[in-house]
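As provided, work_1.pdb (PDB, C-alpha atoms and all ligand atoms) reads as follows.
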ATOM      1  CA  MET A  27      10.133  65.913   4.568
ATOM      2  CA  SER A  28      10.986  67.421   7.920
ATOM      3  CA  ILE A  29       9.286  68.075  11.206
ATOM      4  CA  LEU A  30       9.662  71.792  11.870
ATOM      5  CA  LYS A  31       9.549  73.855  15.027
ATOM      6  CA  ILE A  32       6.166  75.475  15.668
ATOM      7  CA  ALA A  33       6.127  79.180  16.588
ATOM      8  CA  ARG A  34       4.450  79.788  19.939
ATOM      9  CA  LEU A  35       2.331  82.629  21.306
ATOM     10  CA  GLY A  36       4.593  85.656  21.702
ATOM     11  CA  HIS A  37       6.542  85.049  18.486
ATOM     12  CA  PRO A  38       6.000  88.088  16.229
ATOM     13  CA  ILE A  39       5.454  86.014  13.056
ATOM     14  CA  LEU A  40       2.095  84.927  14.474
ATOM     15  CA  LEU A  41       0.910  88.545  14.355
ATOM     16  CA  GLN A  42       1.980  89.260  10.771
ATOM     17  CA  LYS A  43      -0.156  89.126   7.650
ATOM     18  CA  ALA A  44       1.023  86.308   5.391
ATOM     19  CA  LYS A  45       2.008  87.078   1.787
ATOM     20  CA  ILE A  46       0.238  85.698  -1.266
ATOM     21  CA  VAL A  47       1.887  82.643  -2.845
ATOM     22  CA  GLU A  48       2.825  83.435  -6.448
ATOM     23  CA  ASP A  49       4.587  80.155  -7.293
ATOM     24  CA  ILE A  50       1.652  77.898  -6.437
ATOM     25  CA  THR A  51       2.832  74.850  -8.395
ATOM     26  CA  SER A  52       6.546  75.162  -7.562
ATOM     27  CA  ASN A  53       8.585  72.510  -5.779
ATOM     28  CA  LYS A  54       9.205  75.027  -3.023
ATOM     29  CA  THR A  55       5.471  75.313  -2.292
ATOM     30  CA  LYS A  56       5.112  71.536  -2.450
ATOM     31  CA  LYS A  57       7.971  71.131   0.038
ATOM     32  CA  ILE A  58       6.375  73.640   2.439
ATOM     33  CA  ILE A  59       3.093  71.689   2.323
ATOM     34  CA  GLN A  60       4.889  68.375   2.884
ATOM     35  CA  ASP A  61       6.775  69.787   5.874
ATOM     36  CA  MET A  62       3.577  71.325   7.267
ATOM     37  CA  THR A  63       1.830  67.957   6.943
ATOM     38  CA  GLU A  64       4.570  66.093   8.744
ATOM     39  CA  THR A  65       4.786  68.764  11.451
ATOM     40  CA  MET A  66       1.015  68.790  12.024
ATOM     41  CA  LEU A  67       0.740  65.004  12.232
ATOM     42  CA  ASP A  68       3.708  64.812  14.610
ATOM     43  CA  ALA A  69       2.084  67.443  16.849
ATOM     44  CA  LYS A  70      -1.278  65.609  16.619
ATOM     45  CA  GLY A  71      -2.990  68.750  15.362
ATOM     46  CA  ILE A  72      -5.915  69.070  12.971
ATOM     47  CA  GLY A  73      -4.830  72.310  11.323
ATOM     48  CA  LEU A  74      -1.681  74.306  10.663
ATOM     49  CA  SER A  75      -0.780  77.504   8.834
ATOM     50  CA  ALA A  76       2.566  78.342   7.224
ATOM     51  CA  PRO A  77       3.282  81.269   9.611
ATOM     52  CA  GLN A  78       3.218  78.754  12.461
ATOM     53  CA  ILE A  79       6.324  77.126  10.977
ATOM     54  CA  HIS A  80       7.917  80.554  10.448
ATOM     55  CA  ILE A  81       6.985  80.836   6.754
ATOM     56  CA  ASN A  82       5.124  84.031   5.991
ATOM     57  CA  ARG A  83       2.987  82.684   3.123
ATOM     58  CA  GLN A  84      -0.740  82.106   2.637
ATOM     59  CA  ILE A  85      -0.844  78.339   3.010
ATOM     60  CA  ILE A  86      -2.994  76.308   5.379
ATOM     61  CA  ILE A  87      -3.527  72.596   5.856
ATOM     62  CA  PHE A  88      -6.160  70.797   7.892
ATOM     63  CA  ARG A  89      -7.884  67.515   8.479
ATOM     64  CA  VAL A  90     -11.403  66.847   9.621
ATOM     65  CA  PRO A  91     -11.170  63.631  11.687
ATOM     66  CA  GLU A  92     -14.848  62.765  11.218
ATOM     67  CA  GLU A  93     -14.425  62.950   7.435
ATOM     68  CA  ASP A  94     -11.420  60.610   7.236
ATOM     69  CA  ASP A  95     -11.803  57.513   5.104
ATOM     70  CA  GLU A  96     -11.380  54.232   6.901
ATOM     71  CA  LYS A  97      -7.765  53.963   8.067
ATOM     72  CA  LYS A  98      -6.771  56.885   5.886
ATOM     73  CA  ILE A  99      -6.150  60.426   7.097
ATOM     74  CA  LYS A 100      -7.314  62.969   4.551
ATOM     75  CA  ILE A 101      -5.446  66.260   4.602
ATOM     76  CA  THR A 102      -6.488  69.318   2.621
ATOM     77  CA  ALA A 103      -3.928  71.943   1.650
ATOM     78  CA  LEU A 104      -5.176  75.349   0.556
ATOM     79  CA  ILE A 105      -3.008  78.022  -1.010
ATOM     80  CA  ASN A 106      -4.185  81.658  -0.936
ATOM     81  CA  PRO A 107      -7.459  80.676   0.748
ATOM     82  CA  GLY A 108     -10.530  82.774   1.354
ATOM     83  CA  PHE A 109     -14.024  82.168   2.707
ATOM     84  CA  THR A 110     -17.486  83.689   2.873
ATOM     85  CA  LYS A 111     -20.197  82.996   5.398
ATOM     86  CA  ILE A 112     -23.313  81.264   4.121
ATOM     87  CA  THR A 113     -25.468  82.324   7.068
ATOM     88  CA  ASP A 114     -25.138  84.803   9.932
ATOM     89  CA  LYS A 115     -25.621  81.915  12.359
ATOM     90  CA  THR A 116     -22.675  81.390  14.699
ATOM     91  CA  GLU A 117     -21.570  78.703  17.157
ATOM     92  CA  ASN A 118     -19.453  78.931  20.303
ATOM     93  CA  GLU A 119     -17.019  76.079  20.769
ATOM     94  CA  TRP A 120     -13.726  75.371  22.555
ATOM     95  CA  GLU A 121     -10.620  75.709  20.393
ATOM     96  CA  GLY A 122      -6.983  74.916  20.839
ATOM     97  CA  CYS A 123      -3.975  75.897  18.765
ATOM     98  CA  LEU A 124      -0.570  74.262  18.243
ATOM     99  CA  SER A 125       0.994  77.691  18.900
ATOM    100  CA  ILE A 126      -0.728  77.878  22.298
ATOM    101  CA  PRO A 127      -0.139  74.342  23.599
ATOM    102  CA  GLY A 128      -2.191  73.048  26.494
ATOM    103  CA  MET A 129      -4.719  75.873  26.410
ATOM    104  CA  LEU A 130      -8.316  76.149  25.237
ATOM    105  CA  GLY A 131     -10.548  79.121  24.553
ATOM    106  CA  LEU A 132     -14.236  79.523  23.751
ATOM    107  CA  VAL A 133     -14.568  81.113  20.316
ATOM    108  CA  LYS A 134     -17.509  82.213  18.192
ATOM    109  CA  ARG A 135     -17.357  81.198  14.503
ATOM    110  CA  PHE A 136     -19.747  81.187  11.561
ATOM    111  CA  SER A 137     -21.647  77.885  11.397
ATOM    112  CA  ILE A 138     -21.597  77.460   7.622
ATOM    113  CA  ILE A 139     -19.081  78.864   5.191
ATOM    114  CA  GLN A 140     -17.939  78.446   1.631
ATOM    115  CA  TYR A 141     -14.183  78.409   1.239
ATOM    116  CA  GLU A 142     -11.857  78.386  -1.692
ATOM    117  CA  GLY A 143      -8.190  78.293  -2.547
ATOM    118  CA  SER A 144      -5.728  76.504  -4.813
ATOM    119  CA  ASP A 145      -4.263  73.073  -4.358
ATOM    120  CA  MET A 146      -0.583  72.553  -5.174
ATOM    121  CA  ARG A 147      -1.393  71.621  -8.765
ATOM    122  CA  GLY A 148      -3.026  74.995  -9.265
ATOM    123  CA  ASN A 149      -6.602  73.654  -9.273
ATOM    124  CA  ILE A 150      -9.232  75.755  -7.537
ATOM    125  CA  ILE A 151     -10.844  74.038  -4.574
ATOM    126  CA  GLN A 152     -14.286  75.306  -3.583
ATOM    127  CA  LYS A 153     -16.225  73.733  -0.783
ATOM    128  CA  LYS A 154     -19.105  74.350   1.577
ATOM    129  CA  ALA A 155     -18.343  73.415   5.167
ATOM    130  CA  GLU A 156     -20.098  73.427   8.508
ATOM    131  CA  GLY A 157     -19.424  72.566  12.138
ATOM    132  CA  LEU A 158     -15.851  71.597  13.007
ATOM    133  CA  HIS A 159     -14.798  71.678   9.354
ATOM    134  CA  ALA A 160     -15.945  75.307   8.997
ATOM    135  CA  ARG A 161     -14.368  76.198  12.352
ATOM    136  CA  ILE A 162     -10.927  74.823  11.435
ATOM    137  CA  VAL A 163     -10.860  76.728   8.151
ATOM    138  CA  GLN A 164     -11.817  79.997   9.908
ATOM    139  CA  HIS A 165      -9.163  79.407  12.602
ATOM    140  CA  GLU A 166      -6.400  78.688  10.059
ATOM    141  CA  TYR A 167      -7.488  81.561   7.800
ATOM    142  CA  ASP A 168      -7.174  83.866  10.823
ATOM    143  CA  HIS A 169      -3.529  82.788  11.234
ATOM    144  CA  LEU A 170      -2.835  84.183   7.754
ATOM    145  CA  GLN A 171      -4.229  87.537   8.905
ATOM    146  CA  GLY A 172      -2.024  87.496  12.014
ATOM    147  CA  ILE A 173      -5.019  86.790  14.264
ATOM    148  CA  LEU A 174      -4.967  84.218  17.072
ATOM    149  CA  TYR A 175      -8.092  82.785  18.669
ATOM    150  CA  THR A 176      -7.162  84.515  21.932
ATOM    151  CA  SER A 177      -8.310  87.789  20.376
ATOM    152  CA  ARG A 178     -11.692  86.252  19.461
ATOM    153  CA  LEU A 179     -12.725  84.835  22.834
ATOM    154  CA  VAL A 180     -16.444  84.899  23.611
ATOM    155  CA  ASP A 181     -15.395  86.533  26.853
ATOM    156  CA  ASN A 182     -12.000  87.074  28.441
ATOM    157  CA  SER A 183     -12.583  84.535  31.189
ATOM    158  CA  ALA A 184     -13.333  81.723  28.708
ATOM    159  CA  PHE A 185      -9.674  80.766  28.323
ATOM    160  CA  GLY A 186      -7.374  78.486  30.279
ATOM    161  CA  TYR A 187      -5.465  75.248  30.601
ATOM    162  CA  ALA A 188      -7.268  72.288  29.034
ATOM    163  CA  GLU A 189      -7.486  70.363  32.347
ATOM    164  CA  GLU A 190      -9.087  73.290  34.163
ATOM    165  CA  ILE A 191     -11.469  73.970  31.290
ATOM    166  CA  GLU A 192     -12.554  70.315  31.385
ATOM    167  CA  GLU A 193     -13.012  70.508  35.159
ATOM    168  CA  TYR A 194     -14.680  73.876  35.613
ATOM    169  CA  TRP A 195     -16.327  74.674  32.280
ATOM    170  CA  LYS A 196     -17.182  71.540  30.333
ATOM    171  CA  LYS A 197     -18.575  69.632  33.337
ATOM    172  CA  LYS A 198     -20.683  72.672  34.166
ATOM    173  CA  GLU A 199     -22.020  72.742  30.598
ATOM    174  CA  ILE A 200     -22.920  69.042  30.757
ATOM    175  CA  GLU A 201     -24.736  69.508  34.083
ATOM    176  CA  LYS A 202     -26.551  72.514  32.695
ATOM    177  CA  ASN A 203     -27.649  70.563  29.610
ATOM    178  CA  GLN A 204     -28.831  67.644  31.755
ATOM    179  CA  SER A 205     -30.933  69.837  34.022
ATOM    180  CA  GLN A 206     -32.699  71.448  31.083
TER     181      GLN A 206
HETATM  182 NI    NI B 301      -3.913  77.747  15.480
END

Let me see whether you can do it: turn the structure in this file into structure tokens.
Amino acid sequence: MSILKIARLGHPILLQKAKIVEDITSNKTKKIIQDMTETMLDAKGIGLSAPQIHINRQIIIFRVPEEDDEKKIKITALINPGFTKITDKTENEWEGCLSIPGMLGLVKRFSIIQYEGSDMRGNIIQKKAEGLHARIVQHEYDHLQGILYTSRLVDNSAFGYAEEIEEYWKKKEIEKNQSQ
């Protein structure tokens, strides 16, 4: 396994549509997923798409920290993924991206989705997800369409360095919630 370089905002591969994986159960696909896993864990991320490591294929991996078993990190890999919304309800939440280090943006996502894709053995995975889990899948799926969260901001001003967002946005939200 290897830790690979992550493409950053401005690299054209992040704006390309990823190609369908034909050789789902091949060693090559397995190796890509292993490298993505090692790269994501090294970068302390919770999701990664193949285009972010310069591989133009429809593969995403993610972990949902709150769903980890005790002492064990559970990582899901999805090949050729897709999703449908279960309700029209949406949520606004702050998102980061390993391709846009140090920054956060406020993004609207569907609250509940059903996603599907193949695992590396060729089995179909189908799952209903909500909250952070649903958000990560939508964010990573976007990467495969060449879409970054910066083009989905709730408004253009809701984007900045994590420290400033904490200082000027999140504190404000907490105060607002407390005064309600
Ligand atoms: Ni991302």

- prompt: What is the distance between CA of Lys54 in chain A and CA of Val163 in chain A, in Å to one decimal?
  reply: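 Calculated distance between CA of Lys54 in chain A and CA of Val163 in chain A is 23.0 Å.
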
- prompt: Nearest to Ile151 in chain A: which of A:Ile112, A:Ile59, A:Ile105, A:Ala69 is it, counting all atoms listed in the file?
  reply: A:Ile105

- request: Could the residues that lie within 8 Å of ligand NI 301 (chain B), counting all atoms listed in the file, be listed as a list in words?
  value: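 Residues lying within 8 Å of ligand NI 301 (chain B): Gly73, Leu74, Ser75, Gln78, Gly122, Cys123, Leu124, Ser125, Ile126, His165, Glu166, His169, Leu174 and Tyr175 of chain A.
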
message: From the options A:Lys57, A:Arg135, A:Lys43, A:Arg178, which residue's atoms come nearest to Met27 in chain A, counting all atoms listed in the file?
response: A:Lys57

- request: Have a look at CA of Gly172 in chain A and CA of Asp68 in chain A and let me know their distance in Å, one decimal.
  value: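 Between these atoms lies a distance of 23.5 Å.
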
- request: Have a look at A:Asn106, A:Gln152, A:Gln60, A:Lys202 and name the one nearest to Lys45 in chain A; count all atoms listed in the file.
  value: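 Counting all atoms listed in the file, the residue closest to Lys45 in chain A is A:Asn106.
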
- request: Please evaluate the PyMOL selection byres (((chain A and resi 161) around 10) and not hetatm) against the displayed coordinates and give the resulting residues as a list in words.
  value: Glu117, Asn118, Glu119, Glu121, Val133, Lys134, Arg135, Phe136, Ser137, Ile138, Ile139, Ala155, Glu156, Gly157, Leu158, His159, Ala160, Ile162, Val163, Gln164, His165, Glu166 and Tyr167 of chain A

Which residue of A:Met62, A:Arg89, A:Pro107, A:Asp49 approaches Gln171 in chain A most closely, using all atoms listed in the file: A:Pro107

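Note that the spacing between CA of Gly71 in chain A and CA of Thr176 in chain A amounts to 17.6 Å.
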
message: For a quick check of understanding, using all atoms listed in the file, which of A:Ser144, A:Thr63, A:Asn82, A:Gln42 has the smallest distance to Ile101 in chain A?
response: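 So, comparing all the options, the nearest one is A:Thr63.
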
Each side padded by 3 Å, which centre and which edge lengths in Å (one decimal) define the axis-aligned box around the listed atoms of range 173-191 of chain A? Give them as lines of an AutoDock Vina configuration file.
center_x = -10.7
center_y = 79.1
center_z = 24.2
size_x = 17.5
size_y = 23.4
size_z = 25.9
